[in-house]
file model-v8.cif (mmCIF, C-alpha atoms)
data_protein
#
loop_
_atom_site.label_atom_id
_atom_site.label_comp_id
_atom_site.auth_asym_id
_atom_site.auth_seq_id
_atom_site.Cartn_x
_atom_site.Cartn_y
_atom_site.Cartn_z
CA MET A 23 -199.12 152.74 7.39
CA TYR A 24 -196.84 154.46 9.83
CA LYS A 25 -193.38 155.95 9.74
CA LEU A 26 -191.08 156.48 12.66
CA ILE A 27 -189.59 159.94 13.01
CA GLU A 28 -187.10 160.14 15.83
CA ASN A 29 -189.10 159.33 18.97
CA THR A 30 -192.54 159.81 17.41
CA ILE A 31 -194.77 158.00 14.95
CA THR A 32 -196.28 159.54 11.84
CA ARG A 33 -199.59 158.14 10.59
CA LEU A 34 -199.16 158.44 6.84
CA SER A 35 -202.88 158.68 6.00
CA ASP A 36 -203.08 162.17 7.50
CA ASN A 37 -199.48 162.94 8.53
CA ALA A 38 -200.53 163.07 12.18
CA SER A 39 -197.62 162.93 14.59
CA ILE A 40 -198.29 160.45 17.39
CA PRO A 41 -196.31 160.40 20.63
CA ARG A 42 -195.11 157.22 22.28
CA ALA A 43 -197.41 157.84 25.21
CA GLU A 44 -199.56 155.19 26.83
CA GLY A 45 -202.46 157.58 27.35
CA ASN A 46 -202.68 158.53 23.70
CA ILE A 47 -205.42 156.61 21.87
CA ASP A 48 -203.67 156.94 18.51
CA TYR A 49 -200.57 155.31 20.00
CA GLN A 50 -202.78 152.54 21.38
CA GLN A 51 -204.31 152.11 17.91
CA PHE A 52 -200.79 151.99 16.42
CA LEU A 53 -199.92 149.14 18.78
CA GLN A 54 -203.14 147.33 17.87
CA ASP A 55 -202.42 147.76 14.16
CA VAL A 56 -198.92 146.35 14.61
CA LYS A 57 -200.32 143.50 16.67
CA VAL A 58 -202.71 142.55 13.87
CA ASN A 59 -200.57 143.38 10.84
CA THR A 60 -196.99 142.96 12.16
CA THR A 61 -194.28 145.58 11.77
CA SER A 62 -194.67 145.38 7.99
CA ILE A 63 -196.96 148.41 8.29
CA VAL A 64 -194.20 150.45 9.91
CA GLU A 65 -191.33 152.15 8.14
CA GLY A 66 -188.17 152.92 10.05
CA ALA A 67 -186.76 156.39 10.54
CA ASP A 68 -184.87 158.13 7.78
CA ILE A 69 -181.12 158.21 8.10
CA ILE A 70 -180.00 161.38 6.43
CA SER A 71 -176.40 161.61 5.29
CA PRO A 72 -175.44 165.23 4.62
CA ASP A 73 -173.68 166.15 1.39
CA TYR A 74 -170.25 167.78 1.19
CA VAL A 75 -171.69 171.30 1.15
CA ALA A 76 -173.50 170.77 4.44
CA LEU A 77 -170.47 169.08 5.96
CA ARG A 78 -167.99 171.74 4.85
CA THR A 79 -170.20 174.51 6.24
CA GLY A 80 -171.18 172.56 9.34
CA GLU A 81 -169.67 172.35 12.77
CA ASP A 82 -166.67 170.28 11.62
CA GLY A 83 -166.14 172.28 8.44
CA TYR A 84 -164.67 175.67 7.75
CA ALA A 85 -163.75 177.93 10.63
CA SER A 86 -165.71 181.12 11.17
CA THR A 87 -165.06 184.07 8.90
CA GLY A 88 -163.26 185.88 11.69
CA ASP A 89 -161.00 182.93 12.39
CA GLN A 90 -160.21 182.55 8.73
CA LEU A 91 -159.32 186.23 8.47
CA GLY A 92 -156.97 185.67 11.39
CA MET A 93 -155.33 182.77 9.55
CA ILE A 94 -154.86 184.91 6.44
CA ALA A 95 -153.37 187.70 8.54
CA GLU A 96 -150.88 185.26 10.01
CA GLY A 97 -149.55 184.65 6.53
CA GLY A 98 -147.88 181.45 5.52
CA THR A 99 -149.97 178.41 4.66
CA THR A 100 -152.22 178.31 7.73
CA HIS A 101 -155.33 179.32 5.88
CA SER A 102 -154.72 177.32 2.73
CA ASP A 103 -153.87 174.28 4.86
CA HIS A 104 -157.16 174.69 6.75
CA VAL A 105 -159.20 174.91 3.53
CA ALA A 106 -157.41 171.95 2.03
CA ALA A 107 -157.96 169.85 5.14
CA VAL A 108 -161.69 170.53 5.10
CA LYS A 109 -161.94 169.72 1.40
CA THR A 110 -160.06 166.49 1.92
CA ALA A 111 -162.26 165.50 4.85
CA PHE A 112 -165.46 166.22 2.92
CA PRO A 113 -164.81 165.59 -0.79
CA LYS A 114 -167.26 166.60 -3.51
CA SER A 115 -167.90 162.94 -4.17
CA ASN A 116 -169.93 162.93 -0.96
CA THR A 117 -173.37 163.81 -2.34
CA GLY A 118 -175.29 162.69 0.73
CA GLY A 119 -178.58 160.83 0.64
CA THR A 120 -181.36 159.28 2.66
CA THR A 121 -181.75 155.65 3.68
CA VAL A 122 -184.43 154.05 5.80
CA ASP A 123 -183.45 152.44 9.07
CA ASP A 124 -184.81 149.12 10.31
CA VAL A 125 -187.89 149.16 12.53
CA PRO A 126 -186.54 149.11 16.09
CA SER A 127 -187.40 146.21 18.36
CA TRP A 128 -189.43 148.34 20.79
CA VAL A 129 -192.29 148.47 18.27
CA GLN A 130 -192.95 144.73 18.35
CA THR A 131 -192.23 144.53 22.07
CA ALA A 132 -194.74 147.26 22.87
CA ALA A 133 -197.37 145.70 20.59
CA ASP A 134 -196.88 142.30 22.21
CA ALA A 135 -197.44 143.85 25.62
CA VAL A 136 -200.98 145.10 24.96
CA PRO A 137 -204.02 142.81 24.80
CA LEU A 138 -205.82 142.54 21.49
CA ALA A 139 -208.76 144.94 21.51
CA THR A 140 -212.22 143.66 20.71
CA THR A 141 -214.77 145.55 18.66
CA ASP A 142 -218.13 145.72 20.30
CA MET B 12 -233.36 194.68 56.93
CA ALA B 13 -233.24 191.42 58.78
CA LEU B 14 -233.24 188.15 56.89
CA SER B 15 -236.57 186.61 57.70
CA LYS B 16 -236.68 183.55 55.49
CA VAL B 17 -234.35 181.11 53.78
CA ASN B 18 -235.79 179.26 50.81
CA PRO B 19 -235.35 175.57 51.68
CA ASN B 20 -235.20 174.71 47.98
CA PHE B 21 -232.02 176.72 47.64
CA VAL B 22 -230.10 174.61 50.10
CA SER B 23 -231.54 171.28 49.07
CA GLN B 24 -230.75 171.42 45.37
CA ASN B 25 -227.75 169.61 43.94
CA LEU B 26 -226.21 172.76 42.49
CA GLY B 27 -223.47 173.12 39.95
CA ARG B 28 -221.30 170.67 38.02
CA ARG B 29 -223.90 167.95 38.17
CA ASN B 30 -223.53 167.02 34.53
CA LEU B 31 -220.53 164.83 33.81
CA ILE B 32 -221.19 164.92 30.08
CA ILE B 33 -219.18 167.55 28.19
CA ASN B 34 -220.84 169.26 25.25
CA GLY B 35 -224.17 167.71 26.14
CA ASP B 36 -225.96 170.59 24.44
CA MET B 37 -224.00 169.93 21.24
CA THR B 38 -222.71 173.48 20.86
CA VAL B 39 -218.99 172.86 20.36
CA ALA B 40 -217.85 171.51 16.99
CA GLN B 41 -214.15 172.32 16.55
CA ARG B 42 -213.65 169.60 13.94
CA GLY B 43 -216.65 170.62 11.83
CA THR B 44 -220.41 170.54 11.97
CA SER B 45 -221.07 167.34 10.04
CA TYR B 46 -219.45 164.07 9.06
CA ALA B 47 -220.53 160.97 7.18
CA TYR B 48 -219.23 157.73 8.70
CA SER B 49 -218.94 155.20 5.90
CA ASN B 50 -218.72 151.47 6.37
CA ASN B 51 -216.33 150.58 9.23
CA ALA B 52 -215.48 154.23 9.90
CA SER B 53 -215.03 155.39 13.47
CA GLY B 54 -213.46 158.15 15.50
CA TYR B 55 -213.94 161.74 16.59
CA HIS B 56 -214.92 163.72 13.50
CA THR B 57 -217.61 166.25 14.33
CA LEU B 58 -219.16 167.45 17.61
CA ASP B 59 -216.56 167.61 20.37
CA ARG B 60 -216.26 164.73 22.83
CA TRP B 61 -218.65 162.52 20.86
CA TYR B 62 -216.97 159.42 19.47
CA SER B 63 -218.88 157.54 16.80
CA ALA B 64 -218.57 154.31 14.89
CA ASN B 65 -220.37 152.71 11.98
CA PHE B 66 -219.84 148.98 11.76
CA SER B 67 -222.51 148.32 9.16
CA SER B 68 -222.88 148.22 5.40
CA GLY B 69 -224.64 151.58 5.40
CA THR B 70 -223.82 155.14 6.36
CA LEU B 71 -224.13 157.16 9.54
CA THR B 72 -224.23 160.92 9.06
CA LEU B 73 -223.89 163.13 12.11
CA SER B 74 -224.47 166.85 12.08
CA GLN B 75 -224.93 169.80 14.37
CA GLN B 76 -228.37 171.33 14.02
CA THR B 77 -229.99 174.52 15.21
CA PRO B 78 -233.55 173.84 16.36
CA THR B 79 -236.16 176.54 15.98
CA VAL B 80 -236.70 178.78 18.97
CA GLY B 81 -239.06 177.19 21.44
CA ALA B 82 -238.82 173.70 19.96
CA VAL B 83 -236.42 172.55 22.63
CA ASP B 84 -234.51 174.36 25.35
CA SER B 85 -231.16 174.21 23.58
CA THR B 86 -229.21 176.19 21.02
CA ASN B 87 -228.07 173.10 19.16
CA ASN B 88 -228.70 169.41 18.81
CA LEU B 89 -227.02 166.38 17.30
CA ARG B 90 -228.77 164.79 14.32
CA ALA B 91 -227.94 161.16 13.57
CA VAL B 92 -229.10 159.87 10.19
CA THR B 93 -228.72 156.17 9.48
CA ALA B 94 -229.02 154.85 5.92
CA SER B 95 -229.10 151.12 5.15
CA THR B 96 -227.42 150.33 8.43
CA ALA B 97 -229.59 147.39 9.46
CA GLY B 98 -227.94 144.01 9.35
CA ALA B 99 -227.03 140.97 11.33
CA SER B 100 -223.74 142.45 12.52
CA ALA B 101 -224.66 146.12 12.50
CA THR B 102 -223.33 148.27 15.30
CA VAL B 103 -223.74 151.98 14.81
CA TYR B 104 -223.31 154.29 17.75
CA SER B 105 -222.12 157.54 19.26
CA SER B 106 -220.62 157.61 22.70
CA GLN B 107 -218.99 159.78 25.28
CA LYS B 108 -216.18 158.55 27.48
CA ILE B 109 -216.03 160.09 30.96
CA GLU B 110 -212.70 160.05 32.77
CA ASN B 111 -212.26 158.22 36.06
CA ILE B 112 -214.62 155.31 36.53
CA LYS B 113 -213.89 155.33 40.27
CA GLN B 114 -216.21 158.30 40.73
CA PHE B 115 -219.13 155.97 39.93
CA HIS B 116 -218.24 153.28 42.46
CA ASN B 117 -221.33 152.16 44.36
CA LYS B 118 -223.36 155.09 43.08
CA SER B 119 -226.44 155.04 40.92
CA VAL B 120 -226.23 157.05 37.72
CA THR B 121 -229.04 158.99 36.09
CA VAL B 122 -228.99 159.78 32.39
CA SER B 123 -231.39 162.18 30.72
CA PHE B 124 -231.68 163.91 27.36
CA MET B 125 -234.11 165.50 24.94
CA VAL B 126 -234.84 163.40 21.89
CA LYS B 127 -237.04 163.14 18.83
CA SER B 128 -237.00 161.19 15.59
CA SER B 129 -238.34 161.16 12.06
CA ALA B 130 -240.82 158.44 13.02
CA ALA B 131 -241.78 156.63 16.19
CA LEU B 132 -239.01 154.14 16.91
CA THR B 133 -236.83 152.62 19.57
CA PHE B 134 -233.08 152.92 19.85
CA GLN B 135 -230.83 151.81 22.67
CA LEU B 136 -228.42 152.96 25.33
CA ARG B 137 -225.59 150.99 26.82
CA ARG B 138 -222.80 151.63 29.27
CA GLN B 139 -219.13 150.77 28.88
CA TYR B 140 -216.80 150.17 31.80
CA ASN B 141 -213.19 150.60 30.71
CA TYR B 142 -210.66 149.91 33.44
CA GLY B 143 -207.68 151.46 31.68
CA SER B 144 -204.20 150.27 30.78
CA GLY B 145 -203.35 147.08 32.59
CA GLY B 146 -206.74 147.07 34.25
CA SER B 147 -209.53 144.51 34.28
CA SER B 148 -211.12 143.59 30.97
CA GLU B 149 -213.54 146.10 29.49
CA GLU B 150 -217.23 145.42 30.07
CA TYR B 151 -220.47 146.42 28.35
CA THR B 152 -223.85 146.41 30.04
CA ALA B 153 -227.15 145.19 28.69
CA PHE B 154 -229.12 147.48 26.38
CA THR B 155 -231.71 149.96 27.61
CA ASP B 156 -234.52 150.79 25.19
CA VAL B 157 -235.30 154.40 24.38
CA SER B 158 -238.71 154.94 22.81
CA VAL B 159 -238.86 158.05 20.68
CA THR B 160 -241.62 160.00 18.95
CA THR B 161 -241.61 162.78 16.39
CA SER B 162 -241.86 165.42 19.13
CA TRP B 163 -239.13 166.57 21.47
CA THR B 164 -239.47 164.52 24.66
CA LYS B 165 -237.28 164.15 27.70
CA PHE B 166 -235.98 160.64 28.30
CA THR B 167 -234.70 159.70 31.75
CA THR B 168 -233.34 156.51 33.17
CA THR B 169 -231.44 155.60 36.33
CA PHE B 170 -228.86 152.83 36.40
CA SER B 171 -228.26 150.93 39.62
CA ALA B 172 -225.05 151.38 41.55
CA VAL B 173 -222.12 149.20 40.50
CA ASP B 174 -219.39 147.93 42.80
CA TYR B 175 -215.98 148.28 41.17
CA SER B 176 -213.97 147.28 44.24
CA SER B 177 -212.99 143.92 42.74
CA LYS B 178 -211.65 145.54 39.56
CA THR B 179 -208.09 146.45 38.76
CA ILE B 180 -208.18 150.01 37.54
CA GLY B 181 -205.30 151.33 35.45
CA ALA B 182 -204.46 154.66 33.89
CA ASN B 183 -206.77 156.21 31.31
CA ASN B 184 -209.85 154.37 32.57
CA TYR B 185 -213.29 155.70 31.77
CA TYR B 186 -217.05 155.24 31.98
CA GLY B 187 -218.81 155.34 28.64
CA ILE B 188 -222.39 156.01 27.67
CA LEU B 189 -223.30 154.77 24.20
CA PHE B 190 -226.22 155.71 21.97
CA TYR B 191 -226.88 152.86 19.54
CA TRP B 192 -228.49 154.42 16.49
CA SER B 193 -228.67 151.01 14.86
CA THR B 194 -227.81 147.58 16.18
CA ASN B 195 -228.43 143.94 15.53
CA GLN B 196 -230.41 143.83 18.77
CA GLY B 197 -234.04 143.55 17.69
CA THR B 198 -235.89 144.53 14.55
CA ASP B 199 -234.71 146.74 11.73
CA GLN B 200 -236.86 149.66 12.82
CA ARG B 201 -233.73 151.70 13.43
CA ASN B 202 -232.73 151.44 9.77
CA ASP B 203 -232.98 154.64 7.69
CA ALA B 204 -233.92 156.78 10.63
CA THR B 205 -233.22 160.32 11.74
CA ILE B 206 -232.77 160.76 15.48
CA GLU B 207 -232.10 164.10 17.14
CA VAL B 208 -230.63 164.47 20.61
CA THR B 209 -229.57 167.31 22.86
CA ASN B 210 -229.15 168.32 26.51
CA VAL B 211 -227.54 165.01 27.36
CA GLN B 212 -226.91 164.83 31.10
CA LEU B 213 -225.28 162.11 33.17
CA GLU B 214 -225.26 162.69 36.90
CA VAL B 215 -224.34 160.68 39.94
CA GLY B 216 -227.39 159.80 42.02
CA ASP B 217 -230.88 158.51 41.42
CA THR B 218 -232.55 161.87 40.85
CA ASP B 219 -233.08 163.44 37.45
CA THR B 220 -232.47 167.19 37.63
CA ASP B 221 -232.90 169.94 35.06
CA PHE B 222 -230.22 170.13 32.39
CA GLU B 223 -227.22 172.05 33.67
CA HIS B 224 -226.64 174.90 31.25
CA ARG B 225 -223.06 176.06 30.95
CA SER B 226 -221.76 178.99 28.93
CA TYR B 227 -220.18 178.34 25.54
CA SER B 228 -216.79 179.40 26.88
CA GLU B 229 -217.02 176.92 29.74
CA GLU B 230 -218.06 174.12 27.43
CA LEU B 231 -215.35 174.98 24.90
CA ALA B 232 -212.67 174.99 27.58
CA ALA B 233 -213.87 171.62 28.84
CA CYS B 234 -213.66 170.22 25.31
CA GLN B 235 -210.18 171.66 24.81
CA ARG B 236 -208.78 169.37 27.47
CA TYR B 237 -209.31 166.64 24.87
CA TYR B 238 -208.97 168.49 21.57
CA PHE B 239 -207.77 171.89 20.50
CA ARG B 240 -207.93 173.14 16.95
CA GLU B 241 -206.76 176.44 15.52
CA ASN B 242 -208.51 177.13 12.24
CA HIS B 243 -206.80 179.64 9.96
CA THR B 244 -209.77 181.50 8.59
CA ASP B 245 -207.52 184.17 7.11
CA THR B 246 -204.26 183.90 5.18
CA HIS B 247 -200.78 184.15 6.69
CA MET B 248 -202.07 183.78 10.22
CA MET B 249 -199.20 183.26 12.64
CA SER B 250 -199.45 180.19 14.83
CA PHE B 251 -196.37 179.92 17.00
CA ILE B 252 -192.77 181.07 17.32
CA GLY B 253 -189.44 179.37 17.87
CA TYR B 254 -185.94 179.19 16.45
CA CYS B 255 -184.05 177.57 13.61
CA ALA B 256 -181.90 174.66 14.71
CA SER B 257 -180.27 174.07 11.33
CA ALA B 258 -180.68 174.88 7.64
CA THR B 259 -183.59 172.45 7.44
CA LEU B 260 -185.12 172.34 10.91
CA ALA B 261 -187.11 174.85 12.95
CA ILE B 262 -188.40 174.13 16.45
CA GLY B 263 -191.24 176.06 18.02
CA VAL B 264 -193.62 175.87 20.92
CA LYS B 265 -197.40 176.14 20.73
CA PHE B 266 -199.06 177.37 23.89
CA LEU B 267 -202.57 176.02 24.39
CA PRO B 268 -205.48 177.66 26.24
CA VAL B 269 -206.15 174.53 28.33
CA SER B 270 -203.82 171.78 29.52
CA LEU B 271 -204.41 168.63 27.53
CA ARG B 272 -205.40 165.35 29.15
CA SER B 273 -202.35 163.49 27.85
CA SER B 274 -199.53 163.79 25.38
CA PRO B 275 -201.39 164.72 22.17
CA THR B 276 -201.46 163.65 18.57
CA LEU B 277 -200.44 166.58 16.39
CA THR B 278 -202.10 167.19 13.03
CA ILE B 279 -201.15 170.06 10.75
CA ASN B 280 -203.33 170.47 7.69
CA GLY B 281 -202.79 172.67 4.64
CA ASN B 282 -199.80 174.68 3.48
CA TRP B 283 -197.43 176.28 5.97
CA HIS B 284 -194.10 178.05 5.99
CA VAL B 285 -191.43 179.20 8.37
CA LEU B 286 -190.90 182.96 8.40
CA THR B 287 -187.42 184.17 9.35
CA GLY B 288 -186.62 187.83 8.91
CA ASN B 289 -188.22 188.71 5.61
CA THR B 290 -187.80 185.32 3.96
CA THR B 291 -189.98 182.24 4.07
CA GLN B 292 -189.30 178.53 3.63
CA THR B 293 -192.09 176.08 2.89
CA VAL B 294 -192.69 173.47 5.58
CA THR B 295 -192.12 170.03 4.10
CA GLY B 296 -192.77 167.97 7.22
CA HIS B 297 -193.54 168.22 10.89
CA SER B 298 -193.53 166.15 14.04
CA LEU B 299 -193.85 166.42 17.76
CA SER B 300 -190.57 167.38 19.34
CA ASP B 301 -191.08 165.69 22.66
CA SER B 302 -193.12 162.56 23.13
CA THR B 303 -192.94 162.40 26.87
CA GLY B 304 -195.78 164.87 27.32
CA THR B 305 -194.60 166.34 30.57
CA ASN B 306 -195.85 169.81 29.65
CA LEU B 307 -199.39 169.52 28.39
CA ASN B 308 -200.10 173.15 27.62
CA ALA B 309 -196.90 174.01 25.76
CA ILE B 310 -196.23 171.56 22.96
CA GLN B 311 -192.93 171.61 21.10
CA ILE B 312 -193.14 171.10 17.36
CA ARG B 313 -190.44 170.40 14.78
CA ALA B 314 -190.97 171.82 11.30
CA ASN B 315 -188.79 170.77 8.39
CA ALA B 316 -187.81 172.82 5.36
CA SER B 317 -185.78 171.62 2.40
CA SER B 318 -183.14 174.33 2.96
CA GLY B 319 -182.61 178.01 3.57
CA LEU B 320 -182.92 178.35 7.35
CA THR B 321 -180.05 179.70 9.43
CA ALA B 322 -179.27 178.07 12.76
CA GLY B 323 -179.94 180.43 15.62
CA ASP B 324 -182.41 182.66 13.82
CA GLY B 325 -185.81 183.27 15.34
CA MET B 326 -188.80 182.04 13.36
CA THR B 327 -192.56 182.27 13.14
CA MET B 328 -194.65 179.44 11.77
CA ARG B 329 -197.69 180.54 9.83
CA ASP B 330 -199.93 179.30 7.05
CA GLU B 331 -198.65 179.84 3.54
CA GLY B 332 -201.57 181.93 2.33
CA ASP B 333 -203.92 179.03 3.04
CA ALA B 334 -207.16 180.14 4.69
CA SER B 335 -208.24 176.53 5.16
CA ALA B 336 -205.11 175.51 7.07
CA TRP B 337 -205.40 174.29 10.63
CA ILE B 338 -203.35 172.79 13.43
CA ALA B 339 -204.85 170.45 16.00
CA PHE B 340 -203.88 168.60 19.16
CA ALA B 341 -205.90 165.55 20.19
CA SER B 342 -205.77 163.77 23.53
CA GLU B 343 -209.15 162.05 23.55
CA LEU B 344 -209.90 158.98 25.59
#

call {"tool": "encode", "arguments": {"input": "model-v8.cif", "output": "structure tokens"}}
result
Amino acid sequence: MYKLIENTITRLSDNASIPRAEGNIDYQQFLQDVKVNTTSIVEGADIISPDYVALRTGEDGYASTGDQLGMIAEGGTTHSDHVAAVKTAFPKSNTGGTTVDDVPSWVQTAADAVPLATTD
Amino acid sequence: MALSKVNPNFVSQNLGRRNLIINGDMTVAQRGTSYAYSNNASGYHTLDRWYSANFSSGTLTLSQQTPTVGAVDSTNNLRAVTASTAGASATVYSSQKIENIKQFHNKSVTVSFMVKSSAALTFQLRRQYNYGSGGSSEEYTAFTDVSVTTSWTKFTTTFSAVDYSSKTIGANNYYGILFYWSTNQGTDQRNDATIEVTNVQLEVGDTDTDFEHRSYSEELAACQRYYFRENHTDTHMMSFIGYCASATLAIGVKFLPVSLRSSPTLTINGNWHVLTGNTTQTVTGHSLSDSTGTNLNAIQIRANASSGLTAGDGMTMRDEGDASAWIAFASEL
């Protein structure tokens, strides 16, 4: 069994990370295995949805501490408006999660392109 | 003092880099010194550069041995033990794949090695012509018998030149030499046998020359083009450095002593963690960072943690107190 991780392939029996490189014999074996067993032996990449904590503290979340101190110093509702906007954009109901993507078409295409190996 | 004589032997010998076999004296064993190939098992599992396969109902056990001083002119040898491997479809072999079949075009090839066995028997050699990706179909030659006794004896054979000019040769092509410890070709005399081999030499030309001894460091470096393994024989050994890209991802680069042949397969075994400042986060997963393989002696690696990393921090990847941990890069043929 294999799992796709970004642009590489993980062989689940030993967690080896295999590159999509023609000269790599493990990649060639991967293609042979798909050719014989179909893409049913391949699991697509994980799609990770971040939870609200990661989103609020991420790039699109709260401003830096310095910027927030500046907002507070300005007075008024600038800072409270900023915090409220981030909380609205990323509500606590967003608990994140992981789903598995479909196996991309290149896997079958690449397997179809190689001849079936024979065992001597 | 004037030079009065030049030894004609000095200028006539085929000196240096004659042997195209790597690890022919069986000294390098980065993966381990023994391995038992069960039914239908194959791959690179013990002595470097030697691929083996056991397509039989029995077992093939390979190990690195240390012959007694004076028994044979080698520090180590390969021992192949076959058990219940005879059968109508048995194919049990070890082989070495030599890059670039073009170098053998229209040239005879001489193979020699030291060999002995547990009883007088015959095993077989065969050659494999692999023309690479998109190249002509792979070919195997006829078998060549090797008669063996219980004493160390040198076996030598010369194969006639082969014309490859009509072949389409693609990338990653190779010339293979195969040692069939047990086959369905002939009687079952190769069943339950112990065969020992060392000083394997394959040279272009029709003349058998003495085995070309190379230093361990030379042989190791040659092997590391195809496989590099860092064994952590002590705890908390640092492996490579990098930076934290997010709370759950660190990216580092591992510099290798020898450029690999191709983009490698990465295997990380055991327990590891990412060290940042004075805190550690257990590594929960890993993968190659770049599959294109444009830089074959500096491999980027992604290490995942469940949380706790800070983007922008520097990091060191090391084993998590696991003296049996290792990291390996394979780019075998």

call {"tool": "residues_around", "arguments": {"input": "model-v8.cif", "residues": "stretch 67-70 of chain A", "least_positions_apart": "2", "cutoff": "12 Å", "atoms": "all atoms listed in the file", "output": "count of residues only"}}
result
25

call {"tool": "resolve_selection", "arguments": {"input": "model-v8.cif", "expression": "the PyMOL selection byres ((chain B and resi 252) around 10)", "output": "CSV table (one decimal) with C-alpha atoms, in the coordinates of the input"}}
result
chain,number,residue,atom,x,y,z
B,249,MET,CA,-199.2,183.3,12.6
B,250,SER,CA,-199.4,180.2,14.8
B,251,PHE,CA,-196.4,179.9,17.0
B,253,GLY,CA,-189.4,179.4,17.9
B,254,TYR,CA,-185.9,179.2,16.4
B,261,ALA,CA,-187.1,174.8,13.0
B,262,ILE,CA,-188.4,174.1,16.4
B,263,GLY,CA,-191.2,176.1,18.0
B,264,VAL,CA,-193.6,175.9,20.9
B,265,LYS,CA,-197.4,176.1,20.7
B,266,PHE,CA,-199.1,177.4,23.9
B,285,VAL,CA,-191.4,179.2,8.4
B,286,LEU,CA,-190.9,183.0,8.4
B,312,ILE,CA,-193.1,171.1,17.4
B,325,GLY,CA,-185.8,183.3,15.3
B,326,MET,CA,-188.8,182.0,13.4
B,327,THR,CA,-192.6,182.3,13.1
B,328,MET,CA,-194.6,179.4,11.8
B,329,ARG,CA,-197.7,180.5,9.8

call {"tool": "interface_residues", "arguments": {"input": "model-v8.cif", "of": "chain B", "to": "chain A", "cutoff": "9 Å", "atoms": "only C-alpha atoms", "output": "list in words"}}
result
Thr102, Ser144, Gly145, Tyr151, Ala182, Asn183, Ala258, Arg272, Ser273, Ser274, Pro275, Thr276, Leu277, Thr278, Ile279, Asn280, Gly296, His297, Ser298, Leu299, Ser300, Asp301, Ser302, Thr303, Gly304, Ala341, Ser342, Glu343 and Leu344 of chain B

call {"tool": "atom_distance", "arguments": {"input": "model-v8.cif", "atom1": "atom CA of B:Glu207", "atom2": "atom CA of B:Ser74"}}
result
9.6 Å

call {"tool": "residues_around", "arguments": {"input": "model-v8.cif", "residues": "stretch 95-108 of chain A", "least_positions_apart": "2", "cutoff": "10 Å", "atoms": "all atoms listed in the file", "output": "list in words"}}
result
Tyr74, Leu77, Arg78, Thr79, Asp82, Gly83, Tyr84, Ala85, Asp89, Gln90, Leu91, Gly92, Met93, Thr110, Ala111, Phe112 and Pro113 of chain A

call {"tool": "residues_around", "arguments": {"input": "model-v8.cif", "residues": "B:Thr220", "least_positions_apart": "5", "cutoff": "12 Å", "atoms": "all atoms listed in the file", "output": "PyMOL selection string"}}
result
chain B and resi 24-30+120-124+165-169+210-215

call {"tool": "residues_around", "arguments": {"input": "model-v8.cif", "residues": "B:Ser335", "least_positions_apart": "3", "cutoff": "10 Å", "atoms": "all atoms listed in the file", "output": "mmCIF file with C-alpha atoms, in the coordinates of the input"}}
result
data_model
loop_
_atom_site.group_PDB
_atom_site.id
_atom_site.type_symbol
_atom_site.label_atom_id
_atom_site.label_comp_id
_atom_site.auth_asym_id
_atom_site.auth_seq_id
_atom_site.Cartn_x
_atom_site.Cartn_y
_atom_site.Cartn_z
ATOM 1 C CA ASN B 242 -208.510 177.130 12.240
ATOM 2 C CA HIS B 243 -206.800 179.640 9.960
ATOM 3 C CA THR B 244 -209.770 181.500 8.590
ATOM 4 C CA ASP B 245 -207.520 184.170 7.110
ATOM 5 C CA THR B 246 -204.260 183.900 5.180
ATOM 6 C CA ASN B 280 -203.330 170.470 7.690
ATOM 7 C CA GLY B 281 -202.790 172.670 4.640
ATOM 8 C CA ASN B 282 -199.800 174.680 3.480
ATOM 9 C CA ASP B 330 -199.930 179.300 7.050
ATOM 10 C CA GLY B 332 -201.570 181.930 2.330
#

call {"tool": "resolve_selection", "arguments": {"input": "model-v8.cif", "expression": "the PyMOL selection byres ((chain B and resi 55-65) around 8)", "output": "PyMOL selection string"}}
result
chain B and resi 33-34+37-46+48-54+66-67+69-71+73-75+89+101-108+234+237-238+343

call {"tool": "write_last_selection", "arguments": {"input": "model-v8.cif", "atoms": "C-alpha atoms", "output": "short mmCIF file (atom, residue, chain, number, x, y, z; two decimals), in the frame of the given file"}}
result
data_model
loop_
_atom_site.label_atom_id
_atom_site.label_comp_id
_atom_site.auth_asym_id
_atom_site.auth_seq_id
_atom_site.Cartn_x
_atom_site.Cartn_y
_atom_site.Cartn_z
CA ILE B 33 -219.18 167.55 28.19
CA ASN B 34 -220.84 169.26 25.25
CA MET B 37 -224.00 169.93 21.24
CA THR B 38 -222.71 173.48 20.86
CA VAL B 39 -218.99 172.86 20.36
CA ALA B 40 -217.85 171.51 16.99
CA GLN B 41 -214.15 172.32 16.55
CA ARG B 42 -213.65 169.60 13.94
CA GLY B 43 -216.65 170.62 11.83
CA THR B 44 -220.41 170.54 11.97
CA SER B 45 -221.07 167.34 10.04
CA TYR B 46 -219.45 164.07 9.06
CA TYR B 48 -219.23 157.73 8.70
CA SER B 49 -218.94 155.20 5.90
CA ASN B 50 -218.72 151.47 6.37
CA ASN B 51 -216.33 150.58 9.23
CA ALA B 52 -215.48 154.23 9.90
CA SER B 53 -215.03 155.39 13.47
CA GLY B 54 -213.46 158.15 15.50
CA PHE B 66 -219.84 148.98 11.76
CA SER B 67 -222.51 148.32 9.16
CA GLY B 69 -224.64 151.58 5.40
CA THR B 70 -223.82 155.14 6.36
CA LEU B 71 -224.13 157.16 9.54
CA LEU B 73 -223.89 163.13 12.11
CA SER B 74 -224.47 166.85 12.08
CA GLN B 75 -224.93 169.80 14.37
CA LEU B 89 -227.02 166.38 17.30
CA ALA B 101 -224.66 146.12 12.50
CA THR B 102 -223.33 148.27 15.30
CA VAL B 103 -223.74 151.98 14.81
CA TYR B 104 -223.31 154.29 17.75
CA SER B 105 -222.12 157.54 19.26
CA SER B 106 -220.62 157.61 22.70
CA GLN B 107 -218.99 159.78 25.28
CA LYS B 108 -216.18 158.55 27.48
CA CYS B 234 -213.66 170.22 25.31
CA TYR B 237 -209.31 166.64 24.87
CA TYR B 238 -208.97 168.49 21.57
CA GLU B 343 -209.15 162.05 23.55
#
